[in-house]
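Quick look at run_18.pdb (PDB, C-alpha atoms and all ligand atoms):
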ATOM      1  CA  MET A  30     103.196  67.248 -28.332
ATOM      2  CA  ARG A  31     106.711  66.241 -27.451
ATOM      3  CA  THR A  32     107.951  67.954 -24.338
ATOM      4  CA  GLU A  33     111.566  68.776 -23.546
ATOM      5  CA  LEU A  34     111.400  66.019 -20.912
ATOM      6  CA  ASP A  35     110.387  63.517 -23.628
ATOM      7  CA  ARG A  36     113.234  64.691 -25.863
ATOM      8  CA  ALA A  37     115.716  64.335 -23.002
ATOM      9  CA  ALA A  38     114.525  60.787 -22.303
ATOM     10  CA  VAL A  39     114.819  59.821 -25.991
ATOM     11  CA  ALA A  40     118.376  61.218 -26.171
ATOM     12  CA  ILE A  41     119.390  59.335 -23.023
ATOM     13  CA  GLU A  42     117.737  56.079 -24.195
ATOM     14  CA  GLY A  43     119.674  56.282 -27.465
ATOM     15  CA  ALA A  44     123.067  57.124 -25.935
ATOM     16  CA  HIS A  45     125.942  54.668 -25.535
ATOM     17  CA  SER A  46     127.408  56.719 -22.709
ATOM     18  CA  ILE A  47     126.408  59.851 -20.854
ATOM     19  CA  ALA A  48     128.513  62.658 -19.404
ATOM     20  CA  LEU A  49     127.070  64.416 -16.347
ATOM     21  CA  ALA A  50     128.160  67.773 -14.936
ATOM     22  CA  CYS A  51     126.985  70.316 -12.385
ATOM     23  CA  HIS A  52     127.896  73.902 -11.591
ATOM     24  CA  VAL A  53     131.185  75.070 -10.129
ATOM     25  CA  GLY A  54     131.273  75.106  -6.320
ATOM     26  CA  PRO A  55     128.470  72.536  -6.221
ATOM     27  CA  ASP A  56     125.768  72.689  -3.529
ATOM     28  CA  GLY A  57     123.529  69.925  -2.193
ATOM     29  CA  ASP A  58     121.052  70.112  -5.077
ATOM     30  CA  ALA A  59     123.729  70.244  -7.800
ATOM     31  CA  LEU A  60     125.647  67.286  -6.362
ATOM     32  CA  GLY A  61     122.544  65.376  -5.305
ATOM     33  CA  SER A  62     120.845  65.715  -8.697
ATOM     34  CA  MET A  63     123.962  64.782 -10.663
ATOM     35  CA  LEU A  64     124.947  61.847  -8.453
ATOM     36  CA  ALA A  65     121.380  60.505  -8.423
ATOM     37  CA  MET A  66     121.469  60.414 -12.223
ATOM     38  CA  HIS A  67     124.939  58.839 -12.109
ATOM     39  CA  HIS A  68     123.572  55.988  -9.940
ATOM     40  CA  LEU A  69     120.506  55.576 -12.156
ATOM     41  CA  CYS A  70     122.563  55.495 -15.383
ATOM     42  CA  ARG A  71     124.764  52.752 -13.962
ATOM     43  CA  ALA A  72     121.798  50.771 -12.625
ATOM     44  CA  ASN A  73     120.237  50.881 -16.099
ATOM     45  CA  GLY A  74     123.215  49.917 -18.230
ATOM     46  CA  ARG A  75     124.268  53.398 -19.383
ATOM     47  CA  PRO A  76     127.960  54.021 -18.668
ATOM     48  CA  SER A  77     128.292  57.520 -17.239
ATOM     49  CA  VAL A  78     130.911  59.921 -15.959
ATOM     50  CA  ALA A  79     130.157  62.730 -13.511
ATOM     51  CA  SER A  80     132.220  65.816 -12.763
ATOM     52  CA  TRP A  81     132.384  69.521 -12.009
ATOM     53  CA  SER A  82     134.941  72.223 -12.602
ATOM     54  CA  GLU A  83     138.071  72.846 -10.549
ATOM     55  CA  PRO A  84     138.326  73.357  -7.642
ATOM     56  CA  PHE A  85     137.312  69.667  -7.727
ATOM     57  CA  VAL A  86     136.400  69.447  -4.035
ATOM     58  CA  VAL A  87     133.144  69.322  -2.080
ATOM     59  CA  ALA A  88     132.213  71.126   1.126
ATOM     60  CA  PRO A  89     132.649  68.866   4.191
ATOM     61  CA  HIS A  90     128.884  68.652   4.746
ATOM     62  CA  TYR A  91     128.432  66.772   1.436
ATOM     63  CA  THR A  92     131.037  64.061   1.943
ATOM     64  CA  PHE A  93     128.399  61.476   2.933
ATOM     65  CA  LEU A  94     126.890  61.495  -0.557
ATOM     66  CA  PRO A  95     127.216  58.064  -2.187
ATOM     67  CA  GLY A  96     128.966  58.201  -5.563
ATOM     68  CA  LEU A  97     131.554  60.901  -4.850
ATOM     69  CA  ASP A  98     134.159  58.114  -5.127
ATOM     70  CA  ILE A  99     133.058  57.357  -8.697
ATOM     71  CA  THR A 100     133.297  60.914 -10.008
ATOM     72  CA  THR A 101     135.827  61.973 -12.635
ATOM     73  CA  LYS A 102     138.331  64.837 -12.449
ATOM     74  CA  PRO A 103     137.415  67.595 -14.944
ATOM     75  CA  ALA A 104     140.749  67.003 -16.740
ATOM     76  CA  ASP A 105     139.597  63.432 -17.514
ATOM     77  CA  PHE A 106     136.101  64.443 -18.657
ATOM     78  CA  PRO A 107     135.297  63.579 -22.307
ATOM     79  CA  THR A 108     136.160  66.566 -24.521
ATOM     80  CA  ALA A 109     133.231  65.994 -26.896
ATOM     81  CA  PRO A 110     130.585  63.844 -25.148
ATOM     82  CA  GLU A 111     127.912  62.119 -27.226
ATOM     83  CA  VAL A 112     125.233  63.179 -24.735
ATOM     84  CA  MET A 113     125.941  65.542 -21.863
ATOM     85  CA  VAL A 114     123.536  66.500 -19.086
ATOM     86  CA  THR A 115     124.069  69.517 -16.827
ATOM     87  CA  PHE A 116     122.390  69.833 -13.430
ATOM     88  CA  ASP A 117     121.293  72.918 -11.494
ATOM     89  CA  CYS A 118     123.417  75.131 -13.734
ATOM     90  CA  GLY A 119     121.812  78.328 -15.047
ATOM     91  CA  SER A 120     124.387  79.320 -17.649
ATOM     92  CA  ILE A 121     127.190  77.625 -19.578
ATOM     93  CA  GLU A 122     129.795  79.815 -17.841
ATOM     94  CA  ARG A 123     128.790  78.301 -14.480
ATOM     95  CA  LEU A 124     130.221  74.994 -15.758
ATOM     96  CA  GLY A 125     133.710  76.501 -15.539
ATOM     97  CA  ASP A 126     136.231  74.033 -17.017
ATOM     98  CA  LEU A 127     133.374  71.899 -18.368
ATOM     99  CA  ALA A 128     131.892  74.641 -20.563
ATOM    100  CA  ALA A 129     134.147  73.525 -23.458
ATOM    101  CA  PRO A 130     132.909  69.887 -23.451
ATOM    102  CA  ALA A 131     129.345  71.226 -23.153
ATOM    103  CA  ARG A 132     129.830  73.331 -26.295
ATOM    104  CA  ALA A 133     131.274  70.283 -28.112
ATOM    105  CA  ALA A 134     128.592  67.814 -26.956
ATOM    106  CA  GLY A 135     126.467  66.060 -29.585
ATOM    107  CA  GLU A 136     123.397  66.678 -27.467
ATOM    108  CA  LEU A 137     123.390  69.004 -24.449
ATOM    109  CA  ILE A 138     120.562  68.429 -21.993
ATOM    110  CA  VAL A 139     120.113  71.254 -19.492
ATOM    111  CA  LEU A 140     118.216  70.128 -16.418
ATOM    112  CA  ASP A 141     117.557  73.027 -14.073
ATOM    113  CA  HIS A 142     115.081  75.080 -12.043
ATOM    114  CA  HIS A 143     116.761  78.515 -11.971
ATOM    115  CA  ALA A 144     114.453  81.270 -13.251
ATOM    116  CA  THR A 145     117.503  82.969 -14.777
ATOM    117  CA  ASN A 146     118.477  79.874 -16.829
ATOM    118  CA  ASP A 147     119.363  81.088 -20.326
ATOM    119  CA  ARG A 148     118.520  77.801 -22.123
ATOM    120  CA  TYR A 149     122.044  77.077 -23.355
ATOM    121  CA  GLY A 150     121.296  73.435 -24.205
ATOM    122  CA  SER A 151     119.987  71.699 -27.311
ATOM    123  CA  ILE A 152     117.335  70.261 -24.970
ATOM    124  CA  ASN A 153     116.270  72.411 -22.030
ATOM    125  CA  VAL A 154     114.320  70.754 -19.226
ATOM    126  CA  VAL A 155     113.959  73.912 -17.167
ATOM    127  CA  ASP A 156     111.143  74.389 -14.655
ATOM    128  CA  PRO A 157     111.447  77.488 -12.454
ATOM    129  CA  ASP A 158     108.496  76.218 -10.388
ATOM    130  CA  ALA A 159     110.366  73.071  -9.348
ATOM    131  CA  ALA A 160     111.697  73.435  -5.800
ATOM    132  CA  ALA A 161     114.955  71.707  -6.712
ATOM    133  CA  SER A 162     116.737  70.246  -9.708
ATOM    134  CA  ALA A 163     116.312  66.936  -7.861
ATOM    135  CA  VAL A 164     112.550  67.204  -8.508
ATOM    136  CA  ILE A 165     113.229  67.283 -12.257
ATOM    137  CA  VAL A 166     115.611  64.301 -12.033
ATOM    138  CA  ARG A 167     112.783  62.338 -10.375
ATOM    139  CA  ARG A 168     110.488  63.255 -13.295
ATOM    140  CA  LEU A 169     113.129  62.203 -15.825
ATOM    141  CA  ALA A 170     113.672  58.846 -14.104
ATOM    142  CA  ARG A 171     109.924  58.221 -14.168
ATOM    143  CA  ARG A 172     109.764  59.137 -17.846
ATOM    144  CA  LEU A 173     112.651  56.730 -18.551
ATOM    145  CA  GLY A 174     110.947  53.984 -16.547
ATOM    146  CA  TRP A 175     114.017  53.727 -14.316
ATOM    147  CA  PRO A 176     113.140  52.727 -10.745
ATOM    148  CA  LEU A 177     114.884  54.617  -7.949
ATOM    149  CA  THR A 178     117.677  52.960  -5.987
ATOM    150  CA  ARG A 179     118.497  53.734  -2.361
ATOM    151  CA  ASP A 180     121.667  55.619  -3.357
ATOM    152  CA  ALA A 181     119.723  57.692  -5.889
ATOM    153  CA  ALA A 182     117.001  58.376  -3.310
ATOM    154  CA  LEU A 183     119.575  59.550  -0.756
ATOM    155  CA  CYS A 184     121.096  61.919  -3.326
ATOM    156  CA  LEU A 185     117.701  63.279  -4.413
ATOM    157  CA  TYR A 186     116.631  63.757  -0.791
ATOM    158  CA  THR A 187     119.785  65.807  -0.244
ATOM    159  CA  GLY A 188     118.849  68.022  -3.191
ATOM    160  CA  VAL A 189     115.302  68.520  -1.952
ATOM    161  CA  VAL A 190     116.183  69.172   1.685
ATOM    162  CA  SER A 191     118.983  71.573   0.645
ATOM    163  CA  ASP A 192     116.943  73.709  -1.737
ATOM    164  CA  THR A 193     113.836  73.868   0.472
ATOM    165  CA  GLY A 194     115.987  74.749   3.508
ATOM    166  CA  ARG A 195     114.708  71.654   5.332
ATOM    167  CA  PHE A 196     111.157  72.197   4.072
ATOM    168  CA  GLN A 197     111.030  75.804   5.282
ATOM    169  CA  TYR A 198     111.141  78.015   2.176
ATOM    170  CA  SER A 199     108.156  79.163   0.126
ATOM    171  CA  ASN A 200     108.926  76.444  -2.469
ATOM    172  CA  THR A 201     107.817  73.813   0.072
ATOM    173  CA  THR A 202     104.644  72.617  -1.649
ATOM    174  CA  PRO A 203     102.432  69.598  -0.907
ATOM    175  CA  GLU A 204     104.116  67.888  -3.885
ATOM    176  CA  ILE A 205     107.509  68.257  -2.188
ATOM    177  CA  PHE A 206     106.255  66.399   0.860
ATOM    178  CA  GLY A 207     104.960  63.710  -1.491
ATOM    179  CA  LEU A 208     108.398  63.335  -3.037
ATOM    180  CA  ALA A 209     110.061  63.416   0.398
ATOM    181  CA  GLN A 210     107.764  60.618   1.519
ATOM    182  CA  GLU A 211     108.728  58.503  -1.487
ATOM    183  CA  LEU A 212     112.459  59.129  -0.965
ATOM    184  CA  ALA A 213     112.344  58.593   2.808
ATOM    185  CA  SER A 214     110.718  55.192   2.204
ATOM    186  CA  PHE A 215     114.191  53.978   1.138
ATOM    187  CA  ASP A 216     115.119  53.914   4.832
ATOM    188  CA  LEU A 217     117.332  57.004   4.631
ATOM    189  CA  PRO A 218     119.342  58.105   7.691
ATOM    190  CA  ILE A 219     117.388  61.377   7.991
ATOM    191  CA  ALA A 220     118.880  62.568  11.304
ATOM    192  CA  ASP A 221     122.481  61.875  10.227
ATOM    193  CA  ILE A 222     121.983  63.614   6.864
ATOM    194  CA  THR A 223     120.419  66.648   8.528
ATOM    195  CA  ARG A 224     123.161  67.017  11.121
ATOM    196  CA  GLN A 225     125.935  66.805   8.532
ATOM    197  CA  LEU A 226     124.196  69.096   6.043
ATOM    198  CA  PHE A 227     123.027  71.838   8.378
ATOM    199  CA  GLU A 228     124.347  71.622  11.900
ATOM    200  CA  GLU A 229     127.823  70.187  12.217
ATOM    201  CA  HIS A 230     130.883  72.434  11.864
ATOM    202  CA  ARG A 231     134.474  72.444  13.027
ATOM    203  CA  PHE A 232     135.175  74.644  16.075
ATOM    204  CA  ALA A 233     137.465  76.809  13.908
ATOM    205  CA  TYR A 234     134.556  77.639  11.612
ATOM    206  CA  LEU A 235     132.396  78.822  14.512
ATOM    207  CA  GLN A 236     135.227  81.096  15.609
ATOM    208  CA  LEU A 237     135.384  82.575  12.123
ATOM    209  CA  VAL A 238     131.595  83.044  12.238
ATOM    210  CA  ALA A 239     131.982  85.017  15.468
ATOM    211  CA  VAL A 240     134.293  87.462  13.688
ATOM    212  CA  ALA A 241     132.053  87.686  10.628
ATOM    213  CA  LEU A 242     128.900  88.345  12.685
ATOM    214  CA  ALA A 243     130.693  90.899  14.871
ATOM    215  CA  ARG A 244     131.561  92.979  11.810
ATOM    216  CA  ALA A 245     128.166  92.660  10.093
ATOM    217  CA  GLU A 246     126.610  95.960   9.020
ATOM    218  CA  LEU A 247     122.897  96.669   9.215
ATOM    219  CA  ASP A 248     121.599  99.403   6.888
ATOM    220  CA  HIS A 249     118.245 100.340   8.452
ATOM    221  CA  GLU A 250     117.300 102.646   5.569
ATOM    222  CA  ARG A 251     117.497  99.796   3.082
ATOM    223  CA  ARG A 252     116.654  96.974   5.468
ATOM    224  CA  PHE A 253     119.907  95.409   4.279
ATOM    225  CA  VAL A 254     122.440  93.398   6.281
ATOM    226  CA  ALA A 255     125.871  92.408   5.012
ATOM    227  CA  THR A 256     129.080  90.869   6.196
ATOM    228  CA  TRP A 257     132.208  89.431   4.632
ATOM    229  CA  VAL A 258     134.990  86.878   4.928
ATOM    230  CA  THR A 259     138.454  87.866   3.770
ATOM    231  CA  ALA A 260     141.271  85.660   2.526
ATOM    232  CA  ASP A 261     143.075  86.655   5.759
ATOM    233  CA  ASP A 262     140.166  85.312   7.862
ATOM    234  CA  LEU A 263     140.307  81.965   6.077
ATOM    235  CA  ALA A 264     144.066  81.732   6.592
ATOM    236  CA  ARG A 265     143.914  82.866  10.222
ATOM    237  CA  PHE A 266     141.266  80.295  11.227
ATOM    238  CA  ASP A 267     142.476  77.646   8.764
ATOM    239  CA  VAL A 268     138.968  77.363   7.282
ATOM    240  CA  THR A 269     138.223  76.518   3.648
ATOM    241  CA  ILE A 270     135.883  78.588   1.505
ATOM    242  CA  GLU A 271     133.645  75.505   1.100
ATOM    243  CA  GLU A 272     133.056  75.378   4.869
ATOM    244  CA  THR A 273     131.597  78.896   4.837
ATOM    245  CA  GLU A 274     128.698  78.044   2.505
ATOM    246  CA  GLY A 275     126.084  78.243   5.283
ATOM    247  CA  LEU A 276     127.142  81.646   6.630
ATOM    248  CA  ILE A 277     124.457  83.424   4.620
ATOM    249  CA  ASP A 278     121.832  81.315   6.412
ATOM    250  CA  LEU A 279     122.880  82.886   9.719
ATOM    251  CA  VAL A 280     123.037  86.425   8.362
ATOM    252  CA  ARG A 281     119.622  86.225   6.726
ATOM    253  CA  ARG A 282     118.003  85.624  10.145
ATOM    254  CA  VAL A 283     118.181  89.343  10.993
ATOM    255  CA  SER A 284     114.603  90.537  11.551
ATOM    256  CA  GLU A 285     115.397  94.164  10.615
ATOM    257  CA  ALA A 286     116.581  93.172   7.131
ATOM    258  CA  GLU A 287     114.803  92.044   3.977
ATOM    259  CA  VAL A 288     117.956  91.574   1.948
ATOM    260  CA  SER A 289     121.084  89.888   3.254
ATOM    261  CA  CYS A 290     124.496  89.546   1.705
ATOM    262  CA  VAL A 291     127.759  87.715   2.356
ATOM    263  CA  LEU A 292     130.922  88.512   0.395
ATOM    264  CA  LYS A 293     133.966  86.240   0.358
ATOM    265  CA  GLU A 294     137.411  86.786  -1.045
ATOM    266  CA  THR A 295     138.417  83.818  -3.229
ATOM    267  CA  PRO A 296     141.266  83.378  -5.738
ATOM    268  CA  GLU A 297     138.656  83.698  -8.527
ATOM    269  CA  GLY A 298     137.256  86.986  -7.221
ATOM    270  CA  VAL A 299     134.784  88.150  -4.578
ATOM    271  CA  ARG A 300     132.039  85.557  -4.271
ATOM    272  CA  VAL A 301     128.693  87.113  -3.337
ATOM    273  CA  SER A 302     125.598  85.427  -1.884
ATOM    274  CA  LEU A 303     122.310  87.341  -1.725
ATOM    275  CA  ARG A 304     119.045  86.425  -0.025
ATOM    276  CA  ALA A 305     115.675  88.172   0.165
ATOM    277  CA  ILE A 306     112.585  87.373   2.187
ATOM    278  CA  SER A 307     108.969  87.372   1.108
ATOM    279  CA  HIS A 308     106.011  88.130   3.335
ATOM    280  CA  ALA A 309     102.741  86.228   3.395
ATOM    281  CA  ARG A 310      99.789  88.470   2.508
ATOM    282  CA  PRO A 311      96.890  88.395   4.977
ATOM    283  CA  GLY A 312      94.509  87.159   2.261
ATOM    284  CA  GLY A 313      96.955  84.593   0.851
ATOM    285  CA  GLY A 314      99.825  84.805  -1.612
ATOM    286  CA  ARG A 315     103.176  86.509  -1.088
ATOM    287  CA  GLU A 316     104.242  90.134  -0.927
ATOM    288  CA  GLU A 317     106.836  90.705  -3.616
ATOM    289  CA  GLY A 318     109.977  92.247  -2.202
ATOM    290  CA  VAL A 319     113.425  92.866  -3.645
ATOM    291  CA  ASP A 320     114.341  90.460  -6.469
ATOM    292  CA  VAL A 321     117.935  89.446  -5.698
ATOM    293  CA  GLY A 322     118.014  87.193  -8.781
ATOM    294  CA  ALA A 323     117.642  90.326 -10.929
ATOM    295  CA  ILE A 324     120.394  92.099  -8.978
ATOM    296  CA  ALA A 325     122.761  89.115  -9.338
ATOM    297  CA  THR A 326     122.026  88.984 -13.076
ATOM    298  CA  GLU A 327     123.063  92.641 -13.425
ATOM    299  CA  PHE A 328     126.408  91.673 -11.927
ATOM    300  CA  GLY A 329     126.839  88.729 -14.305
ATOM    301  CA  GLY A 330     125.488  86.046 -11.954
ATOM    302  CA  GLY A 331     122.060  84.553 -11.466
ATOM    303  CA  GLY A 332     119.767  82.527  -9.268
ATOM    304  CA  HIS A 333     116.276  82.793  -7.915
ATOM    305  CA  ARG A 334     114.119  85.701  -6.785
ATOM    306  CA  PHE A 335     114.946  85.011  -3.123
ATOM    307  CA  ALA A 336     118.420  83.424  -3.439
ATOM    308  CA  ALA A 337     121.116  84.371  -5.908
ATOM    309  CA  GLY A 338     124.800  85.046  -6.320
ATOM    310  CA  PHE A 339     127.642  86.192  -8.508
ATOM    311  CA  THR A 340     131.419  86.598  -8.557
ATOM    312  CA  SER A 341     132.894  90.084  -8.737
ATOM    313  CA  ALA A 342     136.256  91.103 -10.161
ATOM    314  CA  ARG A 343     136.174  94.308  -8.067
ATOM    315  CA  PRO A 344     137.529  94.620  -4.498
ATOM    316  CA  LEU A 345     135.285  93.467  -1.669
ATOM    317  CA  HIS A 346     134.127  96.830  -0.299
ATOM    318  CA  GLU A 347     133.663  98.342  -3.739
ATOM    319  CA  THR A 348     131.467  95.353  -4.614
ATOM    320  CA  LEU A 349     129.436  95.806  -1.423
ATOM    321  CA  GLU A 350     128.783  99.486  -2.176
ATOM    322  CA  ALA A 351     127.756  98.651  -5.750
ATOM    323  CA  ILE A 352     125.247  96.105  -4.423
ATOM    324  CA  ARG A 353     123.906  98.615  -1.887
ATOM    325  CA  GLU A 354     123.124 101.041  -4.712
ATOM    326  CA  HIS A 355     120.824  98.408  -6.225
ATOM    327  CA  ILE A 356     118.737  98.059  -3.070
ATOM    328  CA  PRO A 357     115.913 100.579  -2.751
ATOM    329  CA  LEU A 358     115.337 102.635   0.370
ATOM    330  CA  ALA A 359     112.652 100.995   2.483
ATOM    331  CA  SER A 360     109.381 102.941   2.457
TER     332      SER A 360
HETATM  333 MN    MN B 401     119.045  73.966  -7.047
END
Could you express the structure from this file as structure tokens?
Ligand SMILES: [Mn+2]
Amino acid sequence: MRTELDRAAVAIEGAHSIALACHVGPDGDALGSMLAMHHLCRANGRPSVASWSEPFVVAPHYTFLPGLDITTKPADFPTAPEVMVTFDCGSIERLGDLAAPARAAGELIVLDHHATNDRYGSINVVDPDAAASAVIVRRLARRLGWPLTRDAALCLYTGVVSDTGRFQYSNTTPEIFGLAQELASFDLPIADITRQLFEEHRFAYLQLVAVALARAELDHERRFVATWVTADDLARFDVTIEETEGLIDLVRRVSEAEVSCVLKETPEGVRVSLRAISHARPGGGREEGVDVGAIATEFGGGGHRFAAGFTSARPLHETLEAIREHIPLAS
């Protein structure tokens, strides 16, 4: 039986050129997956373009990724690509400016691992059990018979290390270590990548974090912690919204909370990040807690059971109270 992965490979093998796109506000897995494919297309004689929606910028911790200099502004993206592939993007709306080319594409290959993916492609290579979209790109390259290059390996490693939280989350399976071993064999600068991705920040950002953590609210009854970043904060500290991507990873450390939330005022609306934790059961397996993917979906967003987000058109504090109503009282 022909799998979706087979169909994707056939479409790519038969294409003269390929248009690649990832979700708006791209993270390490979105950029890493897309750029890895961009490198592999070029190495295998398939002209490709790669882009994402305005704002066409990347967070400072992704600037080391090879291939950012050969990306294409969304305004210059083909309006009706022969074959288009989207990476790490759960719905066509998350493509922003590139949703129109996706709708006009001859073949639309959706390559993703979000459980909430709504299968908006003509070919949907969606595996919610994959730890990262980068894992699926590796499978596709193998199916195409395209050997990895060092640049592609560096991009895929970035996707894997980002979405497993440096091999810490519950999606960190033995298979992931197998893939990491393969990628690391390309002599990747592991320590440099890790510092830029997870540890290094401008002093101004840390000062903004101090303000955000000082105002954080802990709701003991719901085991829920939340904080926010206003447009005024960003202006006052001269920090970009992209720099604040990792703030949720500080907030979710609170031991008294199972659900954590960061809200940020952006020109497009209030951007919300949600995280939940799962507990190991004594006899094995995981205790199922609050499903933040389901909550985000109710607000028009999406994601995973333990990590999700959405953008709200309502004011910041109204949005926070609406989220709180969706979180059950702890028993
Ligand atoms: Mn991902």
Next on the checklist: Please identify all protein, DNA and RNA residues within 9 Å of ligand MN 401 (chain B), counting only C-alpha atoms and all ligand atoms, and report them as an MDAnalysis selection string.
Outcome noted: chainID A and resid 56:59 62 116:118 141:143 160:163 188:189 191:192 332
Enumerate, as an mmCIF file with C-alpha atoms, keeping the file's coordinate frame, the residues matched when the PyMOL selection byres (((chain A and resi 327) around 12) and not hetatm) is run on the file above.
data_model
loop_
_atom_site.group_PDB
_atom_site.id
_atom_site.type_symbol
_atom_site.label_atom_id
_atom_site.label_comp_id
_atom_site.auth_asym_id
_atom_site.auth_seq_id
_atom_site.Cartn_x
_atom_site.Cartn_y
_atom_site.Cartn_z
ATOM 1 C CA THR A 145 117.503 82.969 -14.777
ATOM 2 C CA ASP A 320 114.341 90.460 -6.469
ATOM 3 C CA VAL A 321 117.935 89.446 -5.698
ATOM 4 C CA GLY A 322 118.014 87.193 -8.781
ATOM 5 C CA ALA A 323 117.642 90.326 -10.929
ATOM 6 C CA ILE A 324 120.394 92.099 -8.978
ATOM 7 C CA ALA A 325 122.761 89.115 -9.338
ATOM 8 C CA THR A 326 122.026 88.984 -13.076
ATOM 9 C CA PHE A 328 126.408 91.673 -11.927
ATOM 10 C CA GLY A 329 126.839 88.729 -14.305
ATOM 11 C CA GLY A 330 125.488 86.046 -11.954
ATOM 12 C CA GLY A 331 122.060 84.553 -11.466
ATOM 13 C CA GLY A 332 119.767 82.527 -9.268
ATOM 14 C CA ALA A 337 121.116 84.371 -5.908
ATOM 15 C CA GLY A 338 124.800 85.046 -6.320
ATOM 16 C CA PHE A 339 127.642 86.192 -8.508
ATOM 17 C CA THR A 340 131.419 86.598 -8.557
ATOM 18 C CA SER A 341 132.894 90.084 -8.737
ATOM 19 C CA ALA A 351 127.756 98.651 -5.750
ATOM 20 C CA ILE A 352 125.247 96.105 -4.423
ATOM 21 C CA HIS A 355 120.824 98.408 -6.225
#
Item to check | Expansion of the PyMOL selection byres (((chain A and resi 270) around 10) and not hetatm) into residues, as a list in words | outcome: Gly54, Ala88, Val258, Thr259, Ala260, Leu263, Asp267, Val268, Thr269, Glu271, Glu272, Thr273, Glu274, Lys293, Glu294, Thr295 and Arg300 of chain A
What residues come out when you apply the PyMOL selection byres (((chain A and resi 131) around 10) and not hetatm) to this file, written as a PDB file with C-alpha atoms, keeping the file's coordinate frame?
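Result file selection-v1.pdb:
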ATOM      1  CA  ALA A  48     128.513  62.658 -19.404  1.00  0.00           C
ATOM      2  CA  LEU A  49     127.070  64.416 -16.347  1.00  0.00           C
ATOM      3  CA  ALA A  50     128.160  67.773 -14.936  1.00  0.00           C
ATOM      4  CA  PRO A 107     135.297  63.579 -22.307  1.00  0.00           C
ATOM      5  CA  THR A 108     136.160  66.566 -24.521  1.00  0.00           C
ATOM      6  CA  ALA A 109     133.231  65.994 -26.896  1.00  0.00           C
ATOM      7  CA  PRO A 110     130.585  63.844 -25.148  1.00  0.00           C
ATOM      8  CA  VAL A 112     125.233  63.179 -24.735  1.00  0.00           C
ATOM      9  CA  MET A 113     125.941  65.542 -21.863  1.00  0.00           C
ATOM     10  CA  VAL A 114     123.536  66.500 -19.086  1.00  0.00           C
ATOM     11  CA  THR A 115     124.069  69.517 -16.827  1.00  0.00           C
ATOM     12  CA  ILE A 121     127.190  77.625 -19.578  1.00  0.00           C
ATOM     13  CA  LEU A 124     130.221  74.994 -15.758  1.00  0.00           C
ATOM     14  CA  ASP A 126     136.231  74.033 -17.017  1.00  0.00           C
ATOM     15  CA  LEU A 127     133.374  71.899 -18.368  1.00  0.00           C
ATOM     16  CA  ALA A 128     131.892  74.641 -20.563  1.00  0.00           C
ATOM     17  CA  ALA A 129     134.147  73.525 -23.458  1.00  0.00           C
ATOM     18  CA  PRO A 130     132.909  69.887 -23.451  1.00  0.00           C
ATOM     19  CA  ARG A 132     129.830  73.331 -26.295  1.00  0.00           C
ATOM     20  CA  ALA A 133     131.274  70.283 -28.112  1.00  0.00           C
ATOM     21  CA  ALA A 134     128.592  67.814 -26.956  1.00  0.00           C
ATOM     22  CA  GLY A 135     126.467  66.060 -29.585  1.00  0.00           C
ATOM     23  CA  GLU A 136     123.397  66.678 -27.467  1.00  0.00           C
ATOM     24  CA  LEU A 137     123.390  69.004 -24.449  1.00  0.00           C
ATOM     25  CA  ILE A 138     120.562  68.429 -21.993  1.00  0.00           C
ATOM     26  CA  VAL A 139     120.113  71.254 -19.492  1.00  0.00           C
ATOM     27  CA  TYR A 149     122.044  77.077 -23.355  1.00  0.00           C
ATOM     28  CA  GLY A 150     121.296  73.435 -24.205  1.00  0.00           C
TER      29      GLY A 150
END
Residues within 7 Å of Gln225 in chain A, please, as a CSV table (one decimal) with C-alpha atoms, in the coordinates of the input. Count only C-alpha atoms; anything in the same chain fewer than 4 positions from it doesn't count.
chain,number,residue,atom,x,y,z
A,90,HIS,CA,128.9,68.7,4.7
A,221,ASP,CA,122.5,61.9,10.2
A,229,GLU,CA,127.8,70.2,12.2
Item to check | Protein/DNA/RNA residues near (113.0, 59.7, -3.0), cut 8 Å, all atoms listed in the file, as number ranges by chain | outcome: A: 167, 177, 181-183, 185-186, 208-215
Checklist entry - Which protein, DNA or RNA residues are at most 8 Å from (129.7, 58.3, -12.0) in the file's coordinates when you count only C-alpha atoms, listed as number ranges by chain? => result A: 49, 64, 67-68, 71, 77-80, 96-97, 99-101
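For the residues A:Asp261, A:Asp158, A:Glu228, A:Asp216, ranking by smallest atom-to-atom distance to Asp278 in chain A using only C-alpha atoms places A:Glu228 first.
Pairwise distance (CA of Glu354 in chain A, CA of Phe253 in chain A) equals 11.1 Å.
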Checklist entry - Could you pull the residues within 6 Å of range 230-245 of chain A, counting only C-alpha atoms, minus those fewer than 2 positions along the same chain, as a ChimeraX atom specification? => result /A:255-256,266
Item to check | Spatial neighbours of Ser120 in chain A, 8 Å, all atoms listed in the file, chain gap at least 6 places, as number ranges by chain | outcome: A: 146-149
Checklist entry - What lies within 7 Å of Leu34 in chain A using only C-alpha atoms, ignoring chain neighbours under 3 positions off, as JSON, numbers by chain? => result {"A": [37, 38, 154, 169]}
Write the residues of the preceding selection, restricted to C-alpha atoms, as an mmCIF file, in the coordinates of the input.
data_model
loop_
_atom_site.group_PDB
_atom_site.id
_atom_site.type_symbol
_atom_site.label_atom_id
_atom_site.label_comp_id
_atom_site.auth_asym_id
_atom_site.auth_seq_id
_atom_site.Cartn_x
_atom_site.Cartn_y
_atom_site.Cartn_z
ATOM 1 C CA ALA A 37 115.716 64.335 -23.002
ATOM 2 C CA ALA A 38 114.525 60.787 -22.303
ATOM 3 C CA VAL A 154 114.320 70.754 -19.226
ATOM 4 C CA LEU A 169 113.129 62.203 -15.825
#
Item to check | Minimum-distance residue to Asp180 in chain A, chosen among A:Gly194, A:Gly74, A:Gly275, A:Gly61 (using only C-alpha atoms) | outcome: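 Ranked by minimum distance to Asp180 in chain A, first place goes to A:Gly61.
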